[in-house]
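The structure under discussion appears below in the form of structure tokens.
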Amino acid sequence: MKTGMSKITALLLAAGISMPLYAADVKVALDADPESLDIYEQLSGGILQYAHMSFDPLVRFTKDMKFEGRLAESWEQVDAKTVRFHLRKDVKFHSGNAFTADDVVWTYNRIMKSEDYKGLFEVYEGMNKVDDFTVDLVAKVPYPLVLQNSTYLFIMDSKFYTGKTEDGKDKDEIVKAANTYAANHVSGTGPFKLVSREQGVKLTLERNKDYWDKKSPGNVDKLTVVPIKEDATRVAALLSGDVDMIAPVAPNDQKRVMSDSDLQMVTETSNRIVMFELNQNVVPAFKDQRVREAVNLAVNQKGIVDKIMKGFATPAGQMSPEGYLGHVPDLVPQYDLKKAKELMKAAGQEKGFEITMIATNNRYINDAKIAEAVANMLSKINIKVTLKTMPKAQYWPEYDKCAAGMQLIGWQSDTQDSGNYYEYLVQTRNDKTGKGQYNCGGYSNAEVDKLIAESNGEVDVAKRTAMLQQIEKILIKDAAYLPLEWQNLSWAAKTKLDIKPIVNGLDFPYYGDLKVKE
């Protein structure tokens, strides 16, 4: 314990974090910090968590997954393809600039330049200004997920991000893993202003004294986020009082937290599928459906959940979790090592082959351990895996190369709908539209693409359900990917922090509403 305390103290001192807790000074330890402060650089959970700190969306989900207006006070369906949003007045950005419809239109147009985000909004013709505080979001076809998409419209300060930097670069340029203006400068309307950021060390934010939401119970004046990669070290920091809140709490550490009367733990189920993509462009053998099916049968999802996750997840045999329109109850994990070996032999791959595999080691709970387990299981069918794990800040640039034989990815549906999984993870990749942006498996099926497109224009729930379920069945028949689990979420904090109202199954805590009890 003494050694552990020294390590924690060194980490926190290096981050410039003092030990005492002040009433409205909260320190949060996460497994990693956001990859960038440009909220439209990478479609990732870490950036979206940060977005809710310094920016506001038009609409956001409540804890019970209903919609509440943020920068949009209200909305209405004008016609079959148009939703009109009425915007809040007297809202200011951190820069002092006034928020208007021009910022909404500008943000939408910037999103359409983002490799990662434009696929979410490709279904729309555009965002049109009606007047200074009214905008219309117009779809190409009648579309049932407009409000879901609007939760990703975090409005940026158009005046602040317009113009040239000293070295002649556009302030609004979007470049992954680059030192752009937007990656280092922030002006949103959100509850916290940026004070400083030391990537990999700490992110320091202060309360926006001019925040528009006067009804928010949040009373945190200073929010400091420090990354602590190791699960045990993160928990030890909380137990020792060095930090006030942590996420996630690894399954092995949950009993330690729950046994401390000064701490609380909150858990939520999640729709995040954790899976491996099988890269057909890198591994020729993966072009054979029998080999891909053998990979699926050789991996014991239930064993991973039982042994590595200690039951804190649900084994997955498809992308769509229970409750989603695309979920097919009969599609469950089918671990069968004998059949896997038979399929490898039938495909002429009895002697196996070698592949590379990459995975994060600080993004999903036990992600590196899960990758190691999958690699070991594949050795049983003579697939020799060279595994490389890395922090998520280094992982995403490697992932984007689509150069490994198998790549780990977790995906939470951006629209709380099955279609979002398919559009990003298995639809034929199209750099122009952004569809298939995270399809690094090279999977392409014209029937699946057609069903995805048709389902986007289908507002009849029964018909849409049939389409989405048909997609799911095709994907599993094709063994398009390797599903592993839907991970649960967990947070722990000192009891004086009222964290239950601000955490949710989306894993986007609303820190602006966090209340420190007197």
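Within each chain, counting starts at residue 1; across the structure tokens, chains are named A, B, ... in the order shown, with ligands numbered 1 upward in that order.
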Could you give me, as a Markdown table, a per-residue list for stretch 299-380 of chain A showing, wherever an atom lies at most 8 Å from an atom of stretch 419-430 of chain A, the closest pair of atoms and their distance in Å to one decimal, using only C-alpha atoms and sorting by chain then residue number from low to high?
```
| residue | atom | partner | partner_atom | distance |
| --- | --- | --- | --- | --- |
| A:Met319 | CA | A:Tyr421 | CA | 7.1 |
| A:Ser320 | CA | A:Tyr421 | CA | 7.9 |
| A:Gly326 | CA | A:Gly419 | CA | 7.8 |
```
Output for the residues just chosen: N, CA, C and O atoms as a tab-separated table (two decimals), in the first residue's frame:
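Writing the result to result.tsv gives the following:
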```
chain	number	residue	atom	x	y	z
A	319	MET	N	-24.71	-7.12	-32.96
A	319	MET	CA	-24.42	-5.73	-32.58
A	319	MET	C	-25.50	-5.14	-31.70
A	319	MET	O	-25.23	-4.48	-30.70
A	320	SER	N	-26.76	-5.35	-32.07
A	320	SER	CA	-27.88	-4.68	-31.41
A	320	SER	C	-28.20	-5.28	-30.04
A	320	SER	O	-28.51	-6.48	-29.96
A	326	GLY	N	-33.24	-3.57	-34.06
A	326	GLY	CA	-32.54	-4.58	-34.84
A	326	GLY	C	-32.20	-5.85	-34.08
A	326	GLY	O	-31.70	-6.82	-34.67
```
Checklist entry - In stretch 260-459 of chain A, what's alpha helix (DSSP H) per DSSP? Answer as a PyMOL selection string? => result chain A and resi 289-298+301-303+337-346+367-379+392-399+418-425+446-456
Item to check | stretch 269-285 of chain A environment, 6 Å, only C-alpha atoms, sequence neighbours closer than 5 positions dropped, as a PyMOL selection string | outcome: chain A and resi 405-412+441-442+481-486+488+505
Deliver the residues from the most recent selection as a file, using C-alpha atoms, as a PDB file, in the first residue's frame.
```pdb
ATOM      1  CA  GLY A 405      -5.482  -7.909 -39.379  1.00  0.00           C
ATOM      2  CA  MET A 406      -7.875  -7.478 -36.442  1.00  0.00           C
ATOM      3  CA  GLN A 407      -8.757  -4.188 -34.772  1.00  0.00           C
ATOM      4  CA  LEU A 408     -10.671  -3.729 -31.518  1.00  0.00           C
ATOM      5  CA  ILE A 409     -13.466  -1.194 -31.469  1.00  0.00           C
ATOM      6  CA  GLY A 410     -16.271  -0.319 -29.114  1.00  0.00           C
ATOM      7  CA  TRP A 411     -19.327   1.463 -30.455  1.00  0.00           C
ATOM      8  CA  GLN A 412     -22.164   3.099 -28.630  1.00  0.00           C
ATOM      9  CA  GLY A 441     -12.846  -4.828 -41.931  1.00  0.00           C
ATOM     10  CA  GLY A 442     -13.353  -4.150 -45.615  1.00  0.00           C
ATOM     11  CA  TYR A 481     -17.175  -9.102 -37.544  1.00  0.00           C
ATOM     12  CA  LEU A 482     -16.439 -10.709 -34.177  1.00  0.00           C
ATOM     13  CA  PRO A 483     -18.887  -9.540 -31.475  1.00  0.00           C
ATOM     14  CA  LEU A 484     -17.651  -9.860 -27.895  1.00  0.00           C
ATOM     15  CA  GLU A 485     -19.799  -8.106 -25.281  1.00  0.00           C
ATOM     16  CA  TRP A 486     -21.908  -5.139 -24.281  1.00  0.00           C
ATOM     17  CA  ASN A 488     -21.629  -2.133 -18.306  1.00  0.00           C
ATOM     18  CA  GLY A 505     -25.988   4.749 -19.869  1.00  0.00           C
TER      19      GLY A 505
END
```
Item to check | Of the listed residues A:Leu263, A:Ala80, A:Asn128, A:Ala32, that which approaches A:Arg363 most closely, counting only C-alpha atoms | outcome: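 Of A:Leu263, A:Ala80, A:Asn128, A:Ala32, the one nearest A:Arg363 is A:Ala32, counting only C-alpha atoms.
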Item to check | Counting only C-alpha atoms, the residue of A:Lys118, A:Lys384, A:Lys209, A:Lys338 that sits nearest A:Ile355 | outcome: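 Nearest candidate to A:Ile355 out of A:Lys118, A:Lys384, A:Lys209, A:Lys338: A:Lys384.
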Next on the checklist: Can you tell me which residues surround A:Lys345 at a distance of at most 10 Å, considering only C-alpha atoms, apart from same-chain residues fewer than 5 positions away, and format the answer as a PyMOL selection string?
Outcome noted: chain A and resi 290-291+294+339-340+350-352+381
Keeping N, CA and C atoms, export the residues of the selection given above as a PDB file, in the first residue's frame.
```pdb
ATOM      1  N   ARG A 290     -16.037 -18.867 -44.377  1.00  0.00           N
ATOM      2  CA  ARG A 290     -15.820 -19.998 -43.471  1.00  0.00           C
ATOM      3  C   ARG A 290     -14.744 -19.680 -42.442  1.00  0.00           C
ATOM      4  N   VAL A 291     -13.722 -18.967 -42.845  1.00  0.00           N
ATOM      5  CA  VAL A 291     -12.654 -18.590 -41.914  1.00  0.00           C
ATOM      6  C   VAL A 291     -13.169 -17.574 -40.904  1.00  0.00           C
ATOM      7  N   ALA A 294     -15.229 -19.354 -38.480  1.00  0.00           N
ATOM      8  CA  ALA A 294     -14.379 -20.124 -37.570  1.00  0.00           C
ATOM      9  C   ALA A 294     -13.836 -19.241 -36.453  1.00  0.00           C
ATOM     10  N   LYS A 339     -16.332 -27.225 -34.317  1.00  0.00           N
ATOM     11  CA  LYS A 339     -16.841 -26.781 -35.610  1.00  0.00           C
ATOM     12  C   LYS A 339     -15.905 -25.745 -36.225  1.00  0.00           C
ATOM     13  N   ALA A 340     -15.295 -24.919 -35.389  1.00  0.00           N
ATOM     14  CA  ALA A 340     -14.349 -23.917 -35.890  1.00  0.00           C
ATOM     15  C   ALA A 340     -13.188 -24.590 -36.599  1.00  0.00           C
ATOM     16  N   GLU A 350      -6.271 -25.351 -42.411  1.00  0.00           N
ATOM     17  CA  GLU A 350      -6.077 -26.183 -41.230  1.00  0.00           C
ATOM     18  C   GLU A 350      -4.772 -25.853 -40.507  1.00  0.00           C
ATOM     19  N   LYS A 351      -3.728 -25.511 -41.264  1.00  0.00           N
ATOM     20  CA  LYS A 351      -2.438 -25.182 -40.648  1.00  0.00           C
ATOM     21  C   LYS A 351      -2.402 -23.748 -40.124  1.00  0.00           C
ATOM     22  N   GLY A 352      -3.410 -22.974 -40.460  1.00  0.00           N
ATOM     23  CA  GLY A 352      -3.521 -21.624 -39.929  1.00  0.00           C
ATOM     24  C   GLY A 352      -2.676 -20.602 -40.661  1.00  0.00           C
ATOM     25  N   ILE A 381      -7.127 -22.538 -33.187  1.00  0.00           N
ATOM     26  CA  ILE A 381      -7.415 -22.904 -34.585  1.00  0.00           C
ATOM     27  C   ILE A 381      -6.236 -22.495 -35.476  1.00  0.00           C
TER      28      ILE A 381
END
```
Item to check | strand (DSSP E or B) call set, DSSP backbone run, stretch 187-405 of chain A, as a ChimeraX atom specification | outcome: /A:192-198,202-207,222-227,245-247,263-268,273-278,313-315,353-360,383-390
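Minimum atom-to-atom distance to A:Ile174, evaluated using only C-alpha atoms, belongs to A:Tyr161 out of A:Tyr161, A:Phe133, A:Tyr335, A:Tyr511.
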Next on the checklist: Neighbouring residues of A:Glu41 were defined as those with any atom within 9 Å, considering only C-alpha atoms; residues of the same chain fewer than 6 positions away were excluded. Please report them as a VMD selection string.
Outcome noted: chain A and resid 35 47 114 to 117 174 to 177 182 to 183
Item to check | Exercise: A:Gly218 partners within 9 Å, only C-alpha atoms, chain neighbours under 4 positions left out, as a PyMOL selection string | outcome: chain A and resi 191+511-516
